[in-house]
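*Asks:* My file is upload-v7.cif. It has mmCIF, C-alpha atoms:
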data_target
loop_
_atom_site.label_atom_id
_atom_site.label_comp_id
_atom_site.auth_asym_id
_atom_site.auth_seq_id
_atom_site.Cartn_x
_atom_site.Cartn_y
_atom_site.Cartn_z
CA MET A 1 -5.75 -14.01 81.90
CA SER A 2 -9.51 -13.80 81.99
CA ASN A 3 -11.54 -16.30 80.05
CA THR A 4 -14.18 -14.02 78.55
CA ASN A 5 -15.00 -13.85 74.88
CA ASN A 6 -14.17 -10.12 74.90
CA ASP A 7 -10.43 -10.83 75.14
CA VAL A 8 -8.60 -9.59 72.04
CA LEU A 9 -5.83 -12.16 71.74
CA ILE A 10 -4.48 -11.16 68.31
CA ALA A 11 -4.19 -7.58 67.08
CA CYS A 12 -2.69 -7.13 63.62
CA GLU A 13 -2.22 -3.47 62.65
CA GLY A 14 -1.18 -2.48 59.12
CA VAL A 15 1.24 -5.38 58.78
CA SER A 16 3.37 -5.58 55.62
CA LYS A 17 6.30 -7.83 54.67
CA LYS A 18 8.43 -7.69 51.54
CA PHE A 19 10.86 -10.18 50.02
CA CYS A 20 13.50 -10.00 47.31
CA ARG A 21 13.46 -12.40 44.35
CA ASP A 22 17.24 -12.26 43.93
CA PHE A 23 19.18 -14.03 46.69
CA LYS A 24 22.43 -12.03 46.47
CA ARG A 25 20.59 -8.73 46.27
CA SER A 26 18.49 -9.81 49.27
CA LEU A 27 21.66 -10.28 51.33
CA TRP A 28 22.88 -6.82 50.32
CA TYR A 29 19.54 -5.24 51.21
CA GLY A 30 19.69 -6.95 54.60
CA ILE A 31 23.08 -5.37 55.35
CA LYS A 32 21.82 -1.94 54.27
CA ASP A 33 18.67 -2.29 56.37
CA VAL A 34 20.68 -2.99 59.51
CA SER A 35 22.66 0.23 59.03
CA LEU A 36 19.50 2.21 58.24
CA ALA A 37 17.85 0.87 61.40
CA PHE A 38 20.65 2.36 63.50
CA SER A 39 20.29 5.69 61.69
CA ASN A 40 16.55 5.85 62.60
CA LYS A 41 15.49 6.13 58.96
CA GLY A 42 12.34 4.08 59.38
CA ASP A 43 10.59 4.93 56.09
CA HIS A 44 12.93 2.78 53.98
CA ASN A 45 10.83 -0.28 54.86
CA ARG A 46 7.81 1.21 53.08
CA VAL A 47 9.48 1.44 49.65
CA LEU A 48 10.11 -1.44 47.24
CA ARG A 49 13.58 -1.71 45.76
CA LYS A 50 14.70 -3.61 42.67
CA ASP A 51 13.46 -7.26 42.63
CA GLU A 52 11.40 -6.76 45.83
CA PHE A 53 7.68 -7.50 46.16
CA TRP A 54 5.08 -7.32 48.91
CA ALA A 55 4.34 -10.82 50.21
CA VAL A 56 1.94 -9.25 52.76
CA LYS A 57 0.57 -5.72 52.36
CA ASP A 58 -1.33 -3.66 54.94
CA ILE A 59 -3.21 -6.42 56.79
CA SER A 60 -5.23 -5.42 59.85
CA PHE A 61 -7.66 -7.39 62.03
CA GLU A 62 -8.49 -8.30 65.61
CA LEU A 63 -9.30 -11.80 66.82
CA ARG A 64 -11.01 -12.49 70.13
CA ARG A 65 -11.22 -15.53 72.30
CA GLY A 66 -13.88 -17.86 70.90
CA GLU A 67 -13.39 -16.71 67.29
CA CYS A 68 -11.81 -18.50 64.33
CA ILE A 69 -10.56 -16.83 61.16
CA GLY A 70 -10.46 -18.96 58.04
CA LEU A 71 -7.42 -17.61 56.16
CA ILE A 72 -7.83 -18.42 52.48
CA GLY A 73 -6.34 -17.48 49.12
CA HIS A 74 -4.50 -18.90 46.15
CA ASN A 75 -0.97 -20.23 46.40
CA GLY A 76 1.41 -17.29 46.76
CA ALA A 77 -1.30 -15.04 48.24
CA GLY A 78 0.72 -14.46 51.43
CA LYS A 79 -1.13 -16.69 53.90
CA SER A 80 1.85 -18.64 55.22
CA THR A 81 3.96 -15.49 55.42
CA LEU A 82 1.29 -13.79 57.52
CA LEU A 83 1.04 -16.82 59.78
CA LYS A 84 4.82 -16.87 60.30
CA ILE A 85 4.69 -13.19 61.24
CA LEU A 86 1.96 -13.92 63.78
CA ASN A 87 4.01 -16.77 65.21
CA GLY A 88 7.11 -14.60 65.54
CA LEU A 89 9.12 -16.47 62.90
CA LEU A 90 9.25 -13.36 60.69
CA THR A 91 9.36 -9.67 61.61
CA PRO A 92 7.05 -7.33 59.69
CA ASP A 93 8.69 -4.51 57.74
CA VAL A 94 5.73 -2.26 58.48
CA GLY A 95 3.02 -2.47 61.15
CA GLN A 96 2.67 -4.23 64.46
CA VAL A 97 1.40 -7.56 65.78
CA THR A 98 0.25 -8.10 69.36
CA MET A 99 -0.25 -11.68 70.61
CA ARG A 100 -1.65 -12.25 74.10
CA GLY A 101 -1.31 -15.66 75.74
CA ARG A 102 0.22 -18.99 74.86
CA VAL A 103 0.53 -19.77 71.16
CA GLY A 104 0.21 -23.25 69.71
CA ALA A 105 1.29 -23.37 66.08
CA LEU A 106 1.09 -26.03 63.38
CA ILE A 107 2.62 -24.05 60.53
CA GLU A 108 4.96 -26.52 58.86
CA LEU A 109 4.89 -30.29 58.92
CA GLY A 110 7.02 -31.48 61.85
CA ALA A 111 8.20 -27.94 62.62
CA GLY A 112 9.67 -27.79 66.11
CA PHE A 113 10.36 -31.52 66.29
CA ASN A 114 13.90 -32.73 66.89
CA PRO A 115 14.20 -35.70 64.52
CA ILE A 116 16.67 -37.67 66.64
CA LEU A 117 14.54 -37.43 69.79
CA THR A 118 11.64 -39.76 70.52
CA GLY A 119 8.01 -38.77 70.34
CA ARG A 120 7.88 -38.65 74.15
CA GLU A 121 10.87 -36.31 74.34
CA ASN A 122 9.42 -34.05 71.67
CA VAL A 123 6.12 -33.83 73.56
CA TYR A 124 7.94 -32.44 76.59
CA ASN A 125 10.15 -30.13 74.50
CA ASN A 126 7.28 -28.66 72.49
CA ALA A 127 5.00 -28.19 75.47
CA ALA A 128 7.83 -26.53 77.40
CA VAL A 129 8.29 -24.07 74.51
CA LEU A 130 4.58 -23.23 74.86
CA GLY A 131 5.32 -22.28 78.48
CA PHE A 132 3.99 -25.28 80.37
CA THR A 133 5.67 -26.73 83.45
CA LYS A 134 6.74 -30.35 83.69
CA ALA A 135 3.89 -31.03 86.14
CA GLU A 136 1.36 -29.63 83.62
CA ILE A 137 2.85 -31.73 80.83
CA ASP A 138 2.81 -34.85 83.01
CA ALA A 139 -0.91 -34.31 83.64
CA LYS A 140 -1.63 -34.00 79.89
CA TYR A 141 0.84 -36.57 78.54
CA ASP A 142 -1.49 -39.59 78.42
CA ALA A 143 -4.21 -37.54 76.71
CA ILE A 144 -1.72 -36.29 74.08
CA VAL A 145 -0.57 -39.83 73.27
CA ALA A 146 -4.14 -41.11 73.16
CA PHE A 147 -5.27 -38.33 70.81
CA SER A 148 -2.31 -38.82 68.48
CA GLU A 149 -3.07 -42.55 68.13
CA ILE A 150 0.65 -43.39 67.81
CA GLY A 151 1.10 -44.97 71.24
CA GLU A 152 3.22 -47.92 70.09
CA PHE A 153 5.67 -45.56 68.34
CA ILE A 154 5.92 -42.88 71.03
CA GLU A 155 9.38 -44.14 72.09
CA SER A 156 10.70 -44.16 68.50
CA PRO A 157 12.74 -41.26 67.02
CA VAL A 158 10.55 -38.77 65.18
CA GLN A 159 12.78 -39.08 62.09
CA ASN A 160 11.22 -42.52 61.60
CA TYR A 161 7.66 -41.13 61.64
CA SER A 162 5.57 -40.75 58.51
CA SER A 163 4.26 -37.29 57.64
CA GLY A 164 0.83 -38.30 58.94
CA MET A 165 2.28 -39.42 62.28
CA LYS A 166 4.07 -36.08 62.71
CA VAL A 167 0.82 -34.24 62.08
CA ARG A 168 -1.00 -36.43 64.61
CA LEU A 169 1.57 -35.79 67.31
CA GLY A 170 1.95 -32.09 66.52
CA PHE A 171 -1.77 -31.45 66.57
CA ALA A 172 -2.24 -33.51 69.73
CA ILE A 173 0.35 -31.41 71.59
CA ALA A 174 -1.13 -28.10 70.42
CA ALA A 175 -4.73 -29.16 71.09
CA GLU A 176 -4.35 -30.97 74.42
CA MET A 177 -2.17 -28.25 75.94
CA GLU A 178 -5.07 -25.84 75.22
CA PRO A 179 -3.17 -22.70 74.14
CA ASP A 180 -4.85 -19.31 74.05
CA ILE A 181 -4.01 -18.93 70.35
CA LEU A 182 -3.98 -21.77 67.82
CA LEU A 183 -2.41 -21.32 64.35
CA ILE A 184 -3.02 -24.10 61.81
CA ASP A 185 -1.62 -24.02 58.27
CA GLU A 186 -2.92 -26.75 55.92
CA VAL A 187 -1.41 -29.57 57.97
CA LEU A 188 -4.78 -31.31 58.20
CA ALA A 189 -4.46 -32.05 54.48
CA VAL A 190 -2.17 -34.89 55.57
CA GLY A 191 -3.70 -37.93 57.24
CA ASP A 192 -6.75 -40.11 57.03
CA LEU A 193 -10.30 -38.79 56.97
CA GLY A 194 -11.12 -40.16 60.42
CA PHE A 195 -8.30 -38.23 62.08
CA ILE A 196 -9.14 -35.06 60.14
CA ILE A 197 -12.72 -35.19 61.45
CA LYS A 198 -11.37 -35.81 64.94
CA CYS A 199 -9.16 -32.72 64.64
CA LEU A 200 -12.01 -30.55 63.37
CA ASN A 201 -14.18 -31.67 66.28
CA ARG A 202 -11.37 -30.78 68.68
CA ILE A 203 -10.98 -27.34 67.11
CA SER A 204 -14.73 -26.77 67.61
CA GLU A 205 -14.32 -27.66 71.31
CA LEU A 206 -11.32 -25.34 71.72
CA MET A 207 -12.96 -22.38 69.99
CA THR A 208 -14.89 -21.33 73.12
CA LYS A 209 -11.60 -20.47 74.86
CA THR A 210 -9.12 -20.12 72.00
CA ALA A 211 -8.49 -17.66 69.18
CA THR A 212 -7.84 -19.76 66.08
CA ILE A 213 -6.44 -18.96 62.63
CA PHE A 214 -7.12 -21.80 60.24
CA VAL A 215 -5.43 -21.93 56.81
CA SER A 216 -6.82 -24.40 54.32
CA HIS A 217 -7.63 -24.85 50.64
CA SER A 218 -10.58 -27.02 51.64
CA MET A 219 -13.60 -24.75 51.63
CA PRO A 220 -15.85 -27.29 53.42
CA MET A 221 -13.34 -27.33 56.30
CA VAL A 222 -13.14 -23.52 56.35
CA GLY A 223 -16.93 -23.21 56.30
CA ARG A 224 -17.26 -25.70 59.14
CA VAL A 225 -14.86 -24.21 61.71
CA SER A 226 -14.57 -20.51 60.84
CA SER A 227 -16.58 -17.64 62.31
CA GLN A 228 -14.85 -15.17 59.97
CA VAL A 229 -13.00 -15.34 56.65
CA LEU A 230 -9.92 -13.40 55.57
CA LEU A 231 -9.32 -13.76 51.82
CA MET A 232 -5.86 -12.69 50.65
CA HIS A 233 -4.84 -12.01 47.07
CA LYS A 234 -1.30 -10.98 46.04
CA GLY A 235 -0.52 -10.19 49.67
CA GLU A 236 -3.47 -7.89 50.19
CA LYS A 237 -6.83 -8.24 51.93
CA GLN A 238 -9.49 -9.05 49.34
CA PHE A 239 -12.30 -9.82 51.79
CA PHE A 240 -12.69 -9.88 55.56
CA GLY A 241 -15.89 -10.48 57.47
CA SER A 242 -18.23 -12.86 59.26
CA ASP A 243 -20.13 -13.75 56.08
CA THR A 244 -18.08 -16.91 55.48
CA ALA A 245 -20.23 -17.94 52.51
CA GLN A 246 -19.47 -14.66 50.73
CA GLY A 247 -15.75 -14.96 51.48
CA ILE A 248 -15.66 -18.49 50.07
CA LYS A 249 -17.62 -17.36 46.99
CA GLU A 250 -15.09 -14.61 46.29
CA TYR A 251 -12.29 -17.16 46.69
CA VAL A 252 -13.91 -19.47 44.12
CA ASP A 253 -14.55 -16.51 41.78
CA LEU A 254 -10.83 -15.71 41.83
CA PHE A 255 -10.13 -19.20 40.54
CA ALA A 256 -12.66 -18.84 37.74
CA SER A 257 -10.30 -16.39 36.03
CA PRO A 258 -6.93 -17.05 37.65
CA GLU A 259 -4.21 -14.48 37.20
CA ARG A 260 -0.76 -15.66 36.21
CA ILE A 261 1.73 -15.06 39.05
CA ASN A 262 5.44 -15.26 38.23
CA GLN A 263 8.01 -15.80 40.99
CA GLY A 264 11.66 -16.79 41.00
CA SER A 265 15.07 -15.35 40.19
CA GLY A 266 14.08 -14.42 36.62
CA ASP A 267 16.94 -16.39 35.05
CA ILE A 268 14.31 -18.41 33.17
CA GLU A 269 11.09 -16.81 31.91
CA LEU A 270 7.94 -18.34 30.44
CA VAL A 271 7.26 -16.98 26.95
CA LYS A 272 4.38 -19.25 25.91
CA VAL A 273 2.49 -22.28 27.15
CA ALA A 274 0.05 -24.39 25.14
CA LEU A 275 -2.03 -27.51 25.77
CA TYR A 276 -2.75 -30.15 23.16
CA ASN A 277 -6.36 -30.09 22.00
CA LYS A 278 -7.39 -33.47 20.61
CA ALA A 279 -10.36 -31.93 18.77
CA THR A 280 -8.12 -29.71 16.63
CA HIS A 281 -5.00 -31.92 16.81
CA SER A 282 -2.95 -28.87 17.75
CA PHE A 283 -1.52 -27.03 20.74
CA VAL A 284 -3.69 -24.12 21.92
CA SER A 285 -3.22 -21.41 24.54
CA ASP A 286 -6.81 -20.17 24.96
CA HIS A 287 -7.69 -22.27 28.02
CA SER A 288 -10.56 -23.89 26.11
CA SER A 289 -9.36 -27.48 26.12
CA LEU A 290 -11.66 -30.15 27.49
CA LEU A 291 -10.10 -33.46 28.49
CA GLU A 292 -11.81 -36.72 29.35
CA THR A 293 -10.81 -39.60 31.59
CA GLY A 294 -7.96 -41.55 30.03
CA ASP A 295 -6.79 -38.76 27.71
CA ASP A 296 -3.13 -37.83 27.51
CA LEU A 297 -2.32 -34.41 28.95
CA LYS A 298 0.30 -32.75 26.73
CA LEU A 299 1.83 -29.35 27.44
CA ARG A 300 4.37 -27.39 25.40
CA PHE A 301 6.43 -24.59 26.96
CA THR A 302 8.55 -21.92 25.32
CA LEU A 303 11.15 -20.60 27.79
CA ASP A 304 13.57 -17.70 27.56
CA ILE A 305 16.77 -18.90 29.27
CA LYS A 306 19.51 -16.50 30.37
CA ASP A 307 23.15 -17.28 29.61
CA LYS A 308 24.02 -17.81 33.30
CA VAL A 309 21.81 -20.97 33.44
CA SER A 310 23.61 -24.17 32.47
CA ASP A 311 21.18 -26.87 33.61
CA PHE A 312 17.77 -27.04 35.28
CA ASN A 313 14.81 -29.21 36.22
CA LEU A 314 11.23 -28.63 35.09
CA GLY A 315 8.09 -29.56 36.99
CA ILE A 316 4.34 -29.04 36.88
CA THR A 317 1.63 -29.22 39.52
CA MET A 318 -2.12 -29.17 38.91
CA PHE A 319 -4.65 -27.68 41.32
CA ASP A 320 -8.41 -28.11 41.35
CA ALA A 321 -11.04 -25.40 41.97
CA GLN A 322 -10.40 -25.59 45.73
CA LEU A 323 -6.67 -25.25 45.08
CA ARG A 324 -5.95 -28.77 46.25
CA GLU A 325 -2.89 -30.29 44.66
CA THR A 326 -4.13 -33.15 42.50
CA LEU A 327 -1.32 -34.19 40.18
CA SER A 328 2.36 -33.33 39.86
CA SER A 329 5.33 -34.35 37.77
CA SER A 330 8.97 -33.34 37.56
CA SER A 331 11.80 -34.14 35.17
CA ARG A 332 13.79 -34.91 38.32
CA PHE A 333 11.49 -37.89 39.02
CA VAL A 334 12.77 -39.57 35.86
CA GLY A 335 16.40 -38.50 36.35
CA LYS A 336 16.23 -35.94 33.54
CA THR A 337 18.08 -32.66 33.98
CA PHE A 338 17.87 -30.30 31.01
CA LYS A 339 21.02 -28.70 29.62
CA SER A 340 20.72 -25.20 28.23
CA THR A 341 21.74 -24.86 24.58
CA GLY A 342 22.64 -21.21 25.12
CA ALA A 343 20.84 -18.00 25.90
CA GLY A 344 17.53 -17.52 24.14
CA GLN A 345 14.22 -19.27 23.58
CA GLN A 346 13.99 -23.07 23.90
CA HIS A 347 11.00 -25.43 23.75
CA PHE A 348 9.94 -28.29 26.00
CA GLU A 349 7.06 -30.77 26.24
CA ILE A 350 5.56 -32.88 29.01
CA THR A 351 3.11 -35.73 28.42
CA LEU A 352 1.11 -37.28 31.24
CA PRO A 353 -0.50 -40.41 29.72
CA HIS A 354 -4.03 -41.53 30.58
CA ILE A 355 -4.79 -39.03 33.36
CA ILE A 356 -7.55 -39.79 35.86
CA LEU A 357 -9.05 -36.71 37.51
CA ALA A 358 -12.48 -35.69 38.75
CA SER A 359 -14.66 -33.41 36.63
CA GLY A 360 -13.91 -29.72 37.02
CA LYS A 361 -11.44 -26.98 36.22
CA TYR A 362 -7.70 -27.32 36.81
CA ALA A 363 -4.87 -24.77 36.88
CA VAL A 364 -1.26 -25.61 36.09
CA THR A 365 1.81 -24.28 37.90
CA LEU A 366 5.16 -24.52 36.07
CA VAL A 367 8.48 -24.53 37.92
CA ALA A 368 12.09 -24.37 36.70
CA SER A 369 14.66 -24.98 39.42
CA ASN A 370 18.37 -25.32 40.02
CA PRO A 371 19.12 -29.07 40.20
CA THR A 372 21.74 -28.56 42.93
CA THR A 373 20.05 -26.07 45.26
CA ASP A 374 16.36 -26.54 44.23
CA ARG A 375 16.14 -22.74 44.13
CA PHE A 376 13.49 -21.45 41.72
CA TYR A 377 14.66 -19.91 38.47
CA MET A 378 10.96 -19.53 37.71
CA ARG A 379 7.63 -20.45 39.30
CA VAL A 380 4.57 -19.49 37.25
CA THR A 381 1.23 -20.05 38.96
CA ASN A 382 -1.88 -20.44 36.74
CA CYS A 383 0.20 -20.54 33.57
CA ILE A 384 -2.67 -22.37 31.85
CA TYR A 385 -5.87 -24.11 32.85
CA PHE A 386 -8.25 -26.66 31.38
CA SER A 387 -11.52 -28.46 32.09
CA MET A 388 -11.93 -32.16 32.83
CA LYS A 389 -14.94 -34.32 32.04
CA ALA A 390 -14.88 -37.54 34.05
CA ILE A 391 -16.35 -40.72 32.66
CA GLY A 392 -17.68 -42.83 35.52
CA ILE A 393 -15.97 -42.54 38.88
CA SER A 394 -12.58 -40.88 38.73
CA TRP A 395 -10.31 -39.13 41.17
CA GLY A 396 -6.66 -38.28 41.56
CA THR A 397 -4.03 -37.12 43.99
CA ALA A 398 -0.74 -38.44 42.72
CA VAL A 399 2.83 -37.88 41.69
CA VAL A 400 3.57 -39.25 38.23
CA ALA A 401 6.76 -39.57 36.20
CA GLY A 402 5.55 -38.13 32.91
CA GLU A 403 7.46 -37.98 29.65
CA TRP A 404 9.69 -34.90 29.51
CA ALA A 405 11.45 -33.78 26.33
CA GLN A 406 13.21 -30.83 24.75
CA VAL A 407 11.85 -30.15 21.25
CA GLN A 408 12.77 -28.03 18.27
#
Rewrite the coordinates I just gave you, this time as structure tokens.
*Replies:*
Amino acid sequence: MSNTNNDVLIACEGVSKKFCRDFKRSLWYGIKDVSLAFSNKGDHNRVLRKDEFWAVKDISFELRRGECIGLIGHNGAGKSTLLKILNGLLTPDVGQVTMRGRVGALIELGAGFNPILTGRENVYNNAAVLGFTKAEIDAKYDAIVAFSEIGEFIESPVQNYSSGMKVRLGFAIAAEMEPDILLIDEVLAVGDLGFIIKCLNRISELMTKTATIFVSHSMPMVGRVSSQVLLMHKGEKQFFGSDTAQGIKEYVDLFASPERINQGSGDIELVKVALYNKATHSFVSDHSSLLETGDDLKLRFTLDIKDKVSDFNLGITMFDAQLRETLSSSSRFVGKTFKSTGAGQQHFEITLPHIILASGKYAVTLVASNPTTDRFYMRVTNCIYFSMKAIGISWGTAVVAGEWAQVQ
């Protein structure tokens, strides 16, 4: 393959992918789709059926050697689904993807690693999957180990690695083997600042001969490495262009008035959510609450629970204006599984005492899940948001127990 910057390495043409919220119905649709495929009825993929939704809808772009697309959007926007389509892990229902050259992908933490094999063995396995010969891997092996900075653990099984160590090794393999296409999905959020800077510098070096798609909620990172920005919203293209500043602005504007997105089986539905306002000594739902460092965060949820649900876990996660996860809590952390009192509306509260967060706006995601399978009964993104006023220096990225209760 030539090494000119005119090479189109990724061509994405009208790509769409749909999923079904109901697991059993999804299996039935899959069986029907196989039979329809043999009957050459191709248009069935373009129509949504009951409980289906478009995770990715009509995405088109070209990416040349030397270019980097910053793929951004809120949680649930379709970024990871699109990346998995590009990497061949998912097949689009509509449209076509053309990938030219070797693909190095860091899509999921530790993806592609065999946990019982050592770091050394995984280096050879992963590089071989990328299409490199043993001689080529031998020539790069020392550089991979040096970049990963885990030399003393390279002969240990990967199952004993921390999440940061897996990222180091995974990135080192993808970067040092110099693929034609590099796909990176948020994995640089794990690890220390020094290694993150090292990775960003390496991406900058690779960009002259690599087509890169970089997914991140960190806008400074996106602005630093990207030559273009693709902003997705509800599976569709909201913005695409080389004006990265404008793309990032539109991303931030989306957060200013976040839309509530509801996913899950539908067996539990959110009726109402309110946050305790210390000024009025009451629970309010108008997103106007202002908290200060050390305040208790109290949320009250009204849920409509179907009769088929017997027990469930509840959890919340808070995201800042750059959609970085800052604080999370689950009833599971404190060994509390809620028992349904029968079909109908029921009320719950969570209290996070003395929260410490930086100043800014925060959105809350609420999840109800099956305690056995962890499958979502409900996942409501941006169910409520609030503002934080920090006193002095405050920050937060933590998992906390919280005080969960069912109330009358």
*Asks:* Can you pull out the residues contacting range 121-136 of chain A? Cut-off 7 Å, using all atoms listed in the file, and skip same-chain residues under 4 positions away; I want them as a list in words.
*Replies:* Arg102, Val103, Gly104, Gly112, Phe113, Asn114, Leu117, Lys140 and Ile173 of chain A
*Asks:* If you take all atoms listed in the file and a cut-off of 9 Å, which residues of range 110-192 of chain A touch range 63-78 of chain A, and what are their nearest atom pairs and distances in Å to one decimal, in chain and number order, as JSON lines?
*Replies:*
{"residue": "A:Asp180", "atom": "CA", "partner": "A:Arg65", "partner_atom": "CA", "distance": 7.6}
{"residue": "A:Ile181", "atom": "CA", "partner": "A:Arg65", "partner_atom": "CA", "distance": 8.2}
{"residue": "A:Asp185", "atom": "CA", "partner": "A:Leu71", "partner_atom": "CA", "distance": 8.9}
*Asks:* Report the residues retrieved by the PyMOL selection byres ((chain A and resi 81-95) around 6) from the displayed file, expressed as a ChimeraX atom specification.
*Replies:* /A:13-17,45,78-80,96
*Asks:* Select, from A:Val145, A:Val158, A:Ile305, A:Leu275, the residue with the minimum atom-to-atom distance to Gly119 in chain A, counting all atoms listed in the file.
*Replies:*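 Closest to Gly119 in chain A of all the choices is A:Val158.
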*Asks:* Centre and edge lengths of an axis-aligned box around all listed atoms of range 314-329 of chain A, with 8 Å added on each side, are to be given in Å to one decimal, as AutoDock Vina command-line options.
*Replies:*
--center_x 0.1 --center_y -29.8 --center_z 40.7 --size_x 38.3 --size_y 25.1 --size_z 27.2
*Asks:* Applying the PyMOL selection byres ((chain A and resi 225) around 8) to the file I just gave you, which residues come out? Please list them as a PyMOL selection string.
*Replies:* chain A and resi 68+70+200+203-204+221-224+226-227
*Asks:* Using the selection just defined, write its residues with C-alpha atoms as an mmCIF file, in the coordinates of the input.
*Replies:*
data_model
loop_
_atom_site.group_PDB
_atom_site.id
_atom_site.type_symbol
_atom_site.label_atom_id
_atom_site.label_comp_id
_atom_site.auth_asym_id
_atom_site.auth_seq_id
_atom_site.Cartn_x
_atom_site.Cartn_y
_atom_site.Cartn_z
ATOM 1 C CA CYS A 68 -11.810 -18.500 64.330
ATOM 2 C CA GLY A 70 -10.460 -18.960 58.040
ATOM 3 C CA LEU A 200 -12.010 -30.550 63.370
ATOM 4 C CA ILE A 203 -10.980 -27.340 67.110
ATOM 5 C CA SER A 204 -14.730 -26.770 67.610
ATOM 6 C CA MET A 221 -13.340 -27.330 56.300
ATOM 7 C CA VAL A 222 -13.140 -23.520 56.350
ATOM 8 C CA GLY A 223 -16.930 -23.210 56.300
ATOM 9 C CA ARG A 224 -17.260 -25.700 59.140
ATOM 10 C CA SER A 226 -14.570 -20.510 60.840
ATOM 11 C CA SER A 227 -16.580 -17.640 62.310
#
*Asks:* Step by step: start from the point (20.1, -29.3, 41.7) in the file's coordinates, keep every protein, DNA or RNA residue that has an atom no farther than 9 Å from it, count all atoms listed in the file, and write the set as number ranges by chain.
*Replies:* A: 311-313, 337, 369-375
*Asks:* Could you check the closest approach to Asp307 in chain A for each of A:Gly164, A:Val284, A:Glu325, A:Asp267 and tell me which residue wins, using only C-alpha atoms?
*Replies:*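 That would be A:Asp267, the residue with the smallest distance to Asp307 in chain A.
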*Asks:* Determine the residue set returned by the PyMOL selection byres ((chain A and resi 303) around 6) for the present structure, and present it as a list in words.
*Replies:* Glu269, Leu270, Val271, Thr302, Asp304, Gln345 and Gln346 of chain A
